[in-house]
>>> print(open('start_15.txt').read())   # compact mmCIF, C-alpha atoms
# COMPACT_ATOMS: atom_id res chain seq x y z
CA MET V 19 200.37 166.29 77.78
CA ASP V 20 198.58 169.04 75.87
CA GLN V 21 194.92 168.38 75.26
CA HIS V 22 191.86 170.55 75.02
CA ILE V 23 188.89 168.51 76.20
CA THR V 24 185.68 170.15 75.01
CA ASN V 25 182.04 169.17 75.13
CA SER V 26 180.95 167.07 72.16
CA SER V 27 177.45 166.53 73.59
CA LYS V 28 174.39 168.60 72.83
CA PHE V 29 173.73 168.81 76.58
CA PRO V 30 175.40 171.22 79.05
CA LYS V 31 178.63 169.94 80.55
CA VAL V 32 178.91 169.79 84.34
CA VAL V 33 182.50 169.36 85.55
CA ILE V 34 182.82 168.10 89.13
CA VAL V 35 186.25 168.42 90.74
CA GLY V 36 186.53 165.89 93.54
CA GLY V 37 185.16 162.38 94.13
CA GLY V 38 184.31 162.83 97.81
CA PHE V 39 180.94 162.65 99.52
CA GLY V 40 179.56 165.82 97.91
CA GLY V 41 180.81 165.15 94.39
CA ILE V 42 179.42 161.61 94.38
CA GLU V 43 175.97 162.66 95.57
CA LEU V 44 175.81 165.46 93.02
CA ALA V 45 176.73 163.14 90.14
CA LYS V 46 174.25 160.48 91.27
CA ARG V 47 171.39 162.99 91.40
CA LEU V 48 172.12 164.08 87.82
CA LYS V 49 171.72 160.55 86.47
CA ASN V 50 169.40 160.36 83.46
CA LYS V 51 169.23 164.17 83.29
CA GLU V 52 170.02 166.17 80.17
CA VAL V 53 173.58 166.96 81.21
CA GLU V 54 177.02 165.51 80.55
CA ILE V 55 179.02 164.91 83.74
CA LEU V 56 182.81 164.88 83.88
CA MET V 57 184.34 164.11 87.28
CA LEU V 58 188.01 164.89 87.94
CA ASP V 59 190.05 163.53 90.86
CA ARG V 60 193.70 162.84 91.55
CA HIS V 61 192.76 159.33 92.71
CA ASN V 62 190.55 156.80 90.95
CA TYR V 63 188.73 155.93 94.16
CA HIS V 64 186.48 157.42 96.80
CA THR V 65 187.91 157.46 100.35
CA PHE V 66 185.72 157.01 103.42
CA GLN V 67 187.75 159.44 105.52
CA PRO V 68 186.05 158.84 108.91
CA LEU V 69 187.75 155.43 109.10
CA LEU V 70 191.23 156.48 107.97
CA TYR V 71 192.46 156.25 111.55
CA GLN V 72 191.64 152.53 111.57
CA VAL V 73 193.83 152.01 108.51
CA ALA V 74 196.61 153.97 110.22
CA THR V 75 196.44 151.83 113.38
CA GLY V 76 196.06 148.45 111.66
CA GLY V 77 192.35 147.89 112.26
CA LEU V 78 191.38 147.85 108.59
CA GLU V 79 193.08 147.46 105.24
CA ALA V 80 192.97 150.42 102.87
CA ASP V 81 190.72 148.72 100.33
CA SER V 82 188.03 148.33 103.01
CA ILE V 83 187.40 152.09 103.03
CA ALA V 84 188.08 152.88 99.36
CA PHE V 85 185.87 152.24 96.35
CA PRO V 86 186.62 152.76 92.62
CA LEU V 87 184.81 155.84 91.31
CA ARG V 88 184.18 154.28 87.92
CA LYS V 89 182.50 151.32 89.61
CA ILE V 90 180.14 153.61 91.52
CA PHE V 91 178.90 155.08 88.23
CA LYS V 92 179.27 152.05 85.94
CA ASN V 93 175.57 152.16 84.96
CA GLN V 94 175.38 155.94 84.54
CA LYS V 95 175.64 156.73 80.83
CA ASN V 96 176.02 160.49 81.18
CA PHE V 97 179.07 160.13 83.47
CA THR V 98 182.77 160.27 82.55
CA PHE V 99 185.77 160.19 84.86
CA ARG V 100 189.41 161.28 84.49
CA VAL V 101 192.36 160.94 86.88
CA THR V 102 194.14 164.30 86.93
CA GLU V 103 195.47 167.11 89.08
CA VAL V 104 193.59 170.41 88.78
CA ASP V 105 195.98 173.36 88.71
CA SER V 106 193.78 176.41 88.21
CA ILE V 107 190.47 177.77 86.95
CA ASP V 108 189.97 180.36 84.19
CA PRO V 109 186.39 181.58 84.77
CA SER V 110 186.39 184.06 81.88
CA ALA V 111 187.13 181.29 79.36
CA LYS V 112 185.22 178.59 81.30
CA ILE V 113 188.33 176.41 81.39
CA VAL V 114 189.82 174.12 84.01
CA ASN V 115 193.60 173.78 83.66
CA THR V 116 194.67 170.24 84.58
CA SER V 117 197.65 167.92 84.27
CA ILE V 118 195.96 166.26 81.26
CA GLY V 119 195.13 169.50 79.48
CA LYS V 120 192.50 172.23 79.35
CA ILE V 121 188.92 171.18 80.07
CA THR V 122 185.94 173.35 79.18
CA TYR V 123 182.75 173.48 81.21
CA ASP V 124 179.27 174.94 81.22
CA TYR V 125 178.87 174.49 84.99
CA LEU V 126 181.76 173.88 87.36
CA VAL V 127 181.44 172.39 90.85
CA LEU V 128 184.38 172.37 93.24
CA ALA V 129 184.09 169.50 95.72
CA THR V 130 187.81 169.31 96.43
CA GLY V 131 187.57 168.82 100.19
CA SER V 132 190.30 169.91 102.56
CA ASP V 133 193.98 169.50 103.35
CA THR V 134 195.78 169.45 106.69
CA ASN V 135 196.38 172.90 108.15
CA PHE V 136 199.72 173.37 109.91
CA PHE V 137 199.06 177.09 110.46
CA GLY V 138 202.30 178.14 108.80
CA GLN V 139 204.58 175.98 110.97
CA LYS V 140 206.85 174.63 108.23
CA GLU V 141 209.11 172.63 110.52
CA VAL V 142 206.12 170.95 112.17
CA GLU V 143 204.65 170.25 108.73
CA HIS V 144 207.89 168.57 107.65
CA PHE V 145 208.40 166.32 110.66
CA SER V 146 204.86 165.46 111.78
CA MET V 147 202.39 163.08 110.15
CA ALA V 148 199.05 164.08 108.66
CA MET V 149 196.17 161.72 107.92
CA LYS V 150 193.84 163.05 105.22
CA THR V 151 194.43 160.44 102.51
CA ILE V 152 194.95 156.68 102.24
CA PRO V 153 198.66 157.06 101.30
CA GLU V 154 199.14 159.22 104.41
CA ALA V 155 197.34 156.66 106.60
CA LEU V 156 199.54 153.87 105.21
CA ASN V 157 202.65 155.98 105.82
CA LEU V 158 201.49 156.54 109.39
CA ARG V 159 200.92 152.81 109.94
CA SER V 160 204.38 152.00 108.59
CA MET V 161 206.00 154.68 110.74
CA ILE V 162 204.33 153.42 113.93
CA LEU V 163 205.33 149.81 113.29
CA GLN V 164 208.85 150.70 112.14
CA ASN V 165 209.44 152.74 115.30
CA LEU V 166 208.23 149.88 117.50
CA GLU V 167 210.61 147.53 115.70
CA GLU V 168 213.49 149.98 116.13
CA ALA V 169 212.69 150.41 119.82
CA LEU V 170 213.38 146.69 120.33
CA ILE V 171 217.03 147.12 119.40
CA GLU V 172 217.67 150.69 120.55
CA GLY V 173 220.20 150.92 123.38
CA ASP V 174 220.04 154.67 124.04
CA PRO V 175 217.25 155.22 126.64
CA VAL V 176 216.47 158.76 125.39
CA ARG V 177 216.09 157.68 121.79
CA LYS V 178 214.12 154.61 122.85
CA ALA V 179 211.71 156.84 124.77
CA SER V 180 211.25 159.03 121.69
CA LEU V 181 210.34 155.94 119.64
CA LEU V 182 207.71 154.91 122.20
CA ASN V 183 206.09 158.31 122.83
CA PHE V 184 203.08 158.99 120.60
CA VAL V 185 201.79 162.58 120.46
CA VAL V 186 198.47 163.36 118.78
CA VAL V 187 197.89 167.07 118.19
CA GLY V 188 194.26 168.20 117.92
CA GLY V 189 191.31 167.18 120.09
CA GLY V 190 188.63 166.99 117.41
CA PRO V 191 186.99 163.70 116.35
CA THR V 192 190.07 162.53 114.40
CA GLY V 193 192.45 163.24 117.29
CA VAL V 194 190.19 161.62 119.87
CA GLU V 195 189.62 158.52 117.74
CA LEU V 196 193.30 158.18 116.84
CA SER V 197 194.38 158.56 120.49
CA GLY V 198 191.89 155.92 121.57
CA ALA V 199 193.05 153.51 118.86
CA LEU V 200 196.70 153.97 119.90
CA ALA V 201 195.79 153.34 123.54
CA GLU V 202 194.06 150.09 122.57
CA LEU V 203 197.05 149.13 120.43
CA LYS V 204 199.25 149.67 123.49
CA LYS V 205 197.00 147.64 125.80
CA HIS V 206 196.04 144.68 123.63
CA ILE V 207 198.62 144.34 120.83
CA LEU V 208 201.99 145.36 122.25
CA PRO V 209 202.08 142.70 125.01
CA GLU V 210 201.44 140.02 122.37
CA ASP V 211 203.56 141.26 119.47
CA TYR V 212 206.34 142.97 121.42
CA PRO V 213 206.75 141.14 124.76
CA GLU V 214 210.31 142.53 125.04
CA LEU V 215 208.88 146.05 125.38
CA SER V 216 207.39 147.29 128.64
CA VAL V 217 203.92 148.72 128.17
CA LYS V 218 204.76 151.24 130.89
CA ASP V 219 207.37 152.77 128.56
CA VAL V 220 204.77 153.50 125.87
CA ASN V 221 202.95 156.83 126.27
CA VAL V 222 200.09 158.34 124.29
CA TYR V 223 199.58 162.12 124.56
CA LEU V 224 196.67 164.16 123.18
CA ILE V 225 197.37 167.89 122.84
CA GLU V 226 194.47 170.33 122.41
CA GLY V 227 194.81 174.09 122.17
CA SER V 228 191.38 174.93 123.62
CA ASP V 229 189.99 174.00 127.01
CA GLU V 230 187.95 170.99 125.86
CA LEU V 231 187.95 168.05 123.46
CA LEU V 232 185.37 167.71 120.67
CA GLY V 233 184.64 171.43 120.80
CA ALA V 234 181.87 171.18 118.19
CA MET V 235 179.92 168.68 120.31
CA SER V 236 178.10 169.04 123.63
CA ASP V 237 179.77 169.62 127.00
CA GLU V 238 178.69 166.11 128.01
CA ALA V 239 180.41 164.58 124.99
CA SER V 240 183.54 166.61 125.62
CA ALA V 241 183.79 165.67 129.28
CA LYS V 242 182.99 162.00 128.70
CA SER V 243 185.47 161.59 125.85
CA LYS V 244 188.20 163.06 128.06
CA GLN V 245 187.23 160.71 130.88
CA PHE V 246 187.25 157.69 128.54
CA LEU V 247 190.70 158.58 127.19
CA GLN V 248 192.20 159.12 130.62
CA GLU V 249 190.80 155.79 131.80
CA MET V 250 192.53 154.21 128.79
CA GLY V 251 195.85 155.74 129.84
CA VAL V 252 196.00 158.66 127.40
CA LYS V 253 197.63 161.79 128.81
CA VAL V 254 195.22 164.56 127.77
CA LEU V 255 196.68 168.08 127.78
CA THR V 256 194.21 170.91 127.10
CA ASN V 257 194.86 174.64 126.72
CA ILE V 258 198.28 173.71 125.36
CA ARG V 259 199.76 174.81 122.03
CA VAL V 260 202.60 173.32 120.03
CA LEU V 261 205.50 175.76 119.73
CA GLY V 262 207.73 173.59 117.55
CA TYR V 263 208.83 170.12 116.55
CA ASP V 264 212.23 169.28 115.10
CA GLY V 265 211.70 165.55 114.53
CA ASP V 266 213.13 164.60 117.94
CA VAL V 267 211.42 166.81 120.55
CA ILE V 268 208.04 168.52 120.52
CA LYS V 269 207.94 171.77 122.51
CA LEU V 270 204.69 172.87 124.15
CA SER V 271 203.41 176.21 125.46
CA ASN V 272 203.46 174.93 129.06
CA GLU V 273 207.29 174.66 128.74
CA GLN V 274 207.06 170.88 128.48
CA ALA V 275 209.30 169.11 125.96
CA ILE V 276 208.44 165.56 124.96
CA PRO V 277 211.02 163.42 123.15
CA THR V 278 209.14 161.71 120.33
CA LYS V 279 209.52 160.35 116.83
CA ASN V 280 205.73 160.05 116.49
CA VAL V 281 203.81 163.31 116.12
CA LEU V 282 200.40 162.81 114.50
CA TRP V 283 198.85 166.11 113.41
CA SER V 284 195.06 166.52 113.35
CA ALA V 285 194.83 170.08 114.67
CA GLY V 286 193.17 171.74 111.70
CA VAL V 287 192.09 171.69 108.09
CA LYS V 288 192.03 174.16 105.23
CA GLY V 289 190.18 174.12 101.94
CA ALA V 290 191.93 172.58 98.94
CA ILE V 291 191.47 175.37 96.41
CA PRO V 292 192.91 175.42 92.87
CA GLY V 293 194.38 178.67 91.57
CA GLY V 294 192.33 181.33 89.82
CA PHE V 295 190.19 182.65 92.66
CA PRO V 296 190.68 186.27 93.79
CA PRO V 297 191.58 186.79 97.48
CA GLU V 298 188.24 188.45 98.27
CA THR V 299 186.43 185.17 97.55
CA ILE V 300 188.52 183.24 100.09
CA ALA V 301 187.35 183.07 103.72
CA ARG V 302 189.03 181.92 106.90
CA GLY V 303 190.40 178.40 106.65
CA ASN V 304 191.13 178.85 102.93
CA ARG V 305 187.50 178.19 102.01
CA ILE V 306 185.61 179.67 99.05
CA VAL V 307 182.78 182.01 99.99
CA VAL V 308 179.47 180.88 98.46
CA ASP V 309 175.92 182.22 98.61
CA GLU V 310 172.79 180.39 99.74
CA PHE V 311 172.79 178.47 96.44
CA ASN V 312 176.43 177.33 96.90
CA ARG V 313 177.37 179.68 94.07
CA VAL V 314 180.74 181.43 94.09
CA ALA V 315 180.49 185.22 94.24
CA ALA V 316 180.34 186.90 90.80
CA GLN V 317 180.61 183.48 89.12
CA PRO V 318 177.09 182.31 88.14
CA ARG V 319 178.42 179.08 86.60
CA ILE V 320 180.83 178.06 89.41
CA PHE V 321 179.75 176.35 92.64
CA ALA V 322 181.52 174.94 95.70
CA ILE V 323 180.28 172.33 98.17
CA GLY V 324 181.62 170.46 101.18
CA ASP V 325 184.77 171.32 103.12
CA VAL V 326 186.02 173.77 100.49
CA ALA V 327 182.90 175.94 100.69
CA ALA V 328 182.15 178.64 103.28
CA GLN V 329 178.43 179.40 103.36
CA ILE V 330 178.47 182.30 105.79
CA THR V 331 175.20 183.43 107.39
CA PRO V 332 174.26 185.17 110.68
CA ASP V 333 173.65 181.71 112.15
CA THR V 334 176.91 180.28 110.76
CA PRO V 335 179.48 183.13 110.85
CA ASN V 336 182.32 180.66 110.29
CA GLY V 337 180.49 178.63 107.67
CA LEU V 338 179.01 175.17 108.01
CA PRO V 339 181.05 172.41 109.71
CA GLY V 340 183.42 170.39 107.56
CA VAL V 341 181.65 167.05 107.99
CA ALA V 342 180.34 164.49 105.50
CA PRO V 343 176.59 165.18 106.06
CA VAL V 344 177.05 168.80 104.96
CA ALA V 345 178.74 167.77 101.71
CA ILE V 346 176.17 165.04 101.03
CA GLN V 347 173.20 167.37 101.57
CA GLN V 348 174.80 170.13 99.49
CA GLY V 349 175.50 167.69 96.65
CA LYS V 350 171.90 166.49 96.57
CA HIS V 351 170.52 170.02 96.73
CA LEU V 352 172.89 171.49 94.14
CA ALA V 353 171.85 168.85 91.60
CA LYS V 354 168.30 170.22 91.74
CA ASN V 355 169.48 173.82 91.56
CA ILE V 356 171.75 173.24 88.55
CA LEU V 357 168.74 171.88 86.67
CA ARG V 358 166.76 174.93 87.77
CA PHE V 359 169.53 177.26 86.54
CA MET V 360 169.58 175.43 83.20
CA ASN V 361 165.82 175.92 82.82
CA ASN V 362 165.95 179.58 83.94
CA GLU V 363 163.94 178.72 87.04
CA GLN V 364 164.35 180.24 90.50
CA PRO V 365 166.82 178.17 92.60
CA GLU V 366 166.10 177.21 96.20
CA PRO V 367 168.44 178.20 99.03
CA PHE V 368 170.31 175.44 100.80
CA LYS V 369 169.47 174.74 104.44
CA TYR V 370 171.57 172.30 106.41
CA SER V 371 169.71 169.73 108.48
CA ASN V 372 171.98 168.82 111.40
CA GLN V 373 171.36 165.13 112.06
CA GLY V 374 173.81 164.91 114.94
CA SER V 375 177.48 164.31 115.72
CA MET V 376 179.36 161.33 117.07
CA ALA V 377 182.85 160.12 117.84
CA THR V 378 184.27 156.82 119.04
CA VAL V 379 186.96 156.65 121.69
CA GLY V 380 187.53 152.92 121.85
CA ARG V 381 185.97 149.55 122.49
CA ASN V 382 182.47 150.07 123.97
CA LYS V 383 183.22 153.80 124.29
CA ALA V 384 181.67 156.51 122.10
CA VAL V 385 179.77 159.78 122.40
CA VAL V 386 176.69 160.74 120.38
CA ASP V 387 174.76 164.04 120.13
CA ILE V 388 171.46 163.98 118.23
CA GLY V 389 169.66 167.26 118.78
CA LYS V 390 169.00 167.51 122.50
CA ILE V 391 169.54 163.78 122.94
CA ARG V 392 173.01 162.96 124.23
CA PHE V 393 174.32 159.56 125.24
CA GLN V 394 177.67 157.92 125.79
CA GLY V 395 179.13 154.47 126.34
CA ILE V 396 178.44 151.09 124.79
CA PHE V 397 175.09 151.97 123.17
CA ALA V 398 176.64 155.07 121.59
CA TRP V 399 179.46 152.84 120.33
CA PHE V 400 177.03 150.47 118.60
CA VAL V 401 175.20 153.46 117.06
CA TRP V 402 178.53 154.84 115.81
CA MET V 403 179.44 151.48 114.26
CA PHE V 404 176.06 151.05 112.57
CA VAL V 405 176.03 154.56 111.07
CA HIS V 406 179.59 154.27 109.74
CA LEU V 407 179.04 150.76 108.42
CA MET V 408 175.93 151.81 106.49
CA SER V 409 177.71 154.90 105.14
CA LEU V 410 180.50 152.90 103.48
CA VAL V 411 180.32 152.73 99.69
CA GLY V 412 179.97 149.20 98.28
CA PHE V 413 178.48 146.00 99.70
CA ARG V 414 181.88 144.28 99.82
CA ASN V 415 183.37 147.08 101.90
CA LYS V 416 180.48 146.85 104.36
CA VAL V 417 180.91 143.07 104.74
CA VAL V 418 184.72 143.17 105.04
CA THR V 419 184.61 145.99 107.59
CA PHE V 420 181.89 144.26 109.62
CA VAL V 421 183.83 140.99 109.71
CA ASN V 422 187.00 142.83 110.76
CA TRP V 423 185.15 144.63 113.53
CA VAL V 424 183.53 141.43 114.84
CA TRP V 425 186.88 139.62 114.80
CA SER V 426 188.61 142.49 116.59
CA TYR V 427 185.85 142.74 119.19
CA PHE V 428 186.05 139.11 120.27
CA SER V 429 189.78 138.55 119.77
CA TYR V 430 191.09 141.98 120.92
CA ASP V 431 193.26 141.78 117.81
CA ARG V 432 194.03 144.06 114.87
CA GLY V 433 194.88 141.93 111.89
CA THR V 434 196.67 144.29 109.49
CA ARG V 435 199.91 145.14 111.26
CA LEU V 436 201.89 144.99 108.05
CA ILE V 437 204.76 147.15 106.86
CA ILE V 438 203.93 146.86 103.16
CA ARG V 439 206.28 149.65 102.18
CA ARG V 440 208.86 151.23 104.44
CA PHE V 441 208.17 154.85 105.27
CA ASN V 442 211.04 157.29 104.75
CA ARG V 443 210.24 160.89 105.56
CA GLU V 444 213.25 162.25 103.71
CA SER V 445 212.15 160.63 100.46
CA MET V 446 208.97 162.72 100.63
CA THR V 447 210.56 166.13 101.07
CA GLU V 448 214.05 167.25 101.94
CA ASP V 449 213.44 170.89 102.66
CA PRO V 450 210.55 171.87 104.96
CA SER V 451 210.57 175.38 103.54
CA ALA V 452 209.96 174.01 100.05
CA LYS V 453 206.55 172.60 100.89
>>> encode(input="start_15.txt", output="structure tokens")
Amino acid sequence: MDQHITNSSKFPKVVIVGGGFGGIELAKRLKNKEVEILMLDRHNYHTFQPLLYQVATGGLEADSIAFPLRKIFKNQKNFTFRVTEVDSIDPSAKIVNTSIGKITYDYLVLATGSDTNFFGQKEVEHFSMAMKTIPEALNLRSMILQNLEEALIEGDPVRKASLLNFVVVGGGPTGVELSGALAELKKHILPEDYPELSVKDVNVYLIEGSDELLGAMSDEASAKSKQFLQEMGVKVLTNIRVLGYDGDVIKLSNEQAIPTKNVLWSAGVKGAIPGGFPPETIARGNRIVVDEFNRVAAQPRIFAIGDVAAQITPDTPNGLPGVAPVAIQQGKHLAKNILRFMNNEQPEPFKYSNQGSMATVGRNKAVVDIGKIRFQGIFAWFVWMFVHLMSLVGFRNKVVTFVNWVWSYFSYDRGTRLIIRRFNRESMTEDPSAK
């Protein structure tokens, strides 16, 4: 498809690449302003990523954490949306090269988020499962359920063990939450759905390369989350690295080899950057270096926010954390600064207000850090639920998620254990080196 989409409006055109937290906030704040907004995304919906693990483990359906982007902006007259893949940027011509053609811009904002980082381990990338998108979460759910079904009829004890061993790599919030959800699945669901299987044969491992879980949170949160997981039966291995995984056995740096068909990778992320940026503008973690105004170096009309941006200062030598509050605050702030740039006014530097961190481990178990206030347990769990429920986009999603959580709490059940489409790894990619 060869199109050249130009600006037919008399107002400056702001192109936003990405319909995540940052992109949505930016577009909202430009409502009724003298700009034309064009948002580009490969999906037609916004994903609430913090709850992807619940989709993967059958706690929620996918449409509970997704919301159509067009519906979010249905009353915003200066907003347009297109589903497309962005290939590269041509800053000199002010053009975005996409799968639907060339798109011109006056101001460009990259809010493309992040992808899973396998740190160059192509074999691990091929055989393990990531969980950054809804399709990946649904694939993960299907794989887990398919392997449990296969374990029922598997006669070879070694292969059966590999089907019942679940290895989560990465001890950040996603890894901790996913491990806890799998442990609860083992305790409450397996005895009911799979009485032929012995719960003792099902193992959940959490592998972390550093010496503590939830490294970005407090020592109290790290220690308590580890304690919670171990009490739930998760085998937590810290200071251990993954050396390789061939689809049957995962090899660890402590010389341990675990037979498993279920490796869930949450060990790192990297910025999702389209082509066209010189290497000197790319920081560690494949993130675009931006100044205090979220402006890309030597590109006065290009900005980056959220996970894809690296705002490096003496206080944040590695950039700001890749969490939703950063993207939301940057989106709100950049909307004001774009208007200032348009009016030849002095922009204001962005300052991140850290409102705290939290992670859930399981039923009645969570950890919360808010400034110097740290608490864990059931109250932290209710705080986690309230914050995430209120952060969901759309009233329906809030209601459906709340009802699901209440039902699960009192029934100890997860209602969406459905294999809607069978997962076949080989249909995704045949050659790990080709990815």
>>> closest_atom_pairs(input="start_15.txt", of="region 233-314 of chain V", to="region 129-140 of chain V", cutoff="7 Å", atoms="all atoms listed in the file", output="JSON lines")
{"residue": "V:Gly286", "atom": "CA", "partner": "V:Asn135", "partner_atom": "CA", "distance": 4.9}
{"residue": "V:Val287", "atom": "CA", "partner": "V:Asn135", "partner_atom": "CA", "distance": 4.5}
{"residue": "V:Lys288", "atom": "CA", "partner": "V:Ser132", "partner_atom": "CA", "distance": 5.3}
{"residue": "V:Gly289", "atom": "CA", "partner": "V:Ser132", "partner_atom": "CA", "distance": 4.3}
{"residue": "V:Ala290", "atom": "CA", "partner": "V:Ser132", "partner_atom": "CA", "distance": 4.8}
>>> residues_around(input="start_15.txt", residues="Lys369 (chain V)", least_positions_apart="3", cutoff="9 Å", atoms="only C-alpha atoms", output="PDB file with C-alpha atoms, keeping the file's coordinate frame")
ATOM      1  CA  GLU V 310     172.790 180.390  99.740  1.00  0.00           C
ATOM      2  CA  GLN V 347     173.200 167.370 101.570  1.00  0.00           C
ATOM      3  CA  GLN V 348     174.800 170.130  99.490  1.00  0.00           C
TER       4      GLN V 348
END
>>> residues_around(input="start_15.txt", residues="Arg435 (chain V)", least_positions_apart="5", cutoff="8 Å", atoms="all atoms listed in the file", output="list in words")
Thr75, Gly76, Arg159 and Leu163 of chain V
>>> closest_atom_pairs(input="start_15.txt", of="region 55-75 of chain V", to="region 373-378 of chain V", cutoff="12 Å", atoms="only C-alpha atoms", output="tab-separated table")
residue	atom	partner	partner_atom	distance
V:Pro68	CA	V:Ala377	CA	9.6
V:Leu69	CA	V:Thr378	CA	10.6
V:Tyr71	CA	V:Thr378	CA	11.1
V:Gln72	CA	V:Thr378	CA	11.3
>>> closest_residue(input="start_15.txt", among="V:Asn415, V:Asn280, V:Asn372, V:Gln329", to="Met235 (chain V)", atoms="only C-alpha atoms")
V:Asn372
>>> closest_residue(input="start_15.txt", among="V:Val314, V:Val252, V:Met161, V:Ala398", to="Ser197 (chain V)", atoms="only C-alpha atoms")
V:Val252
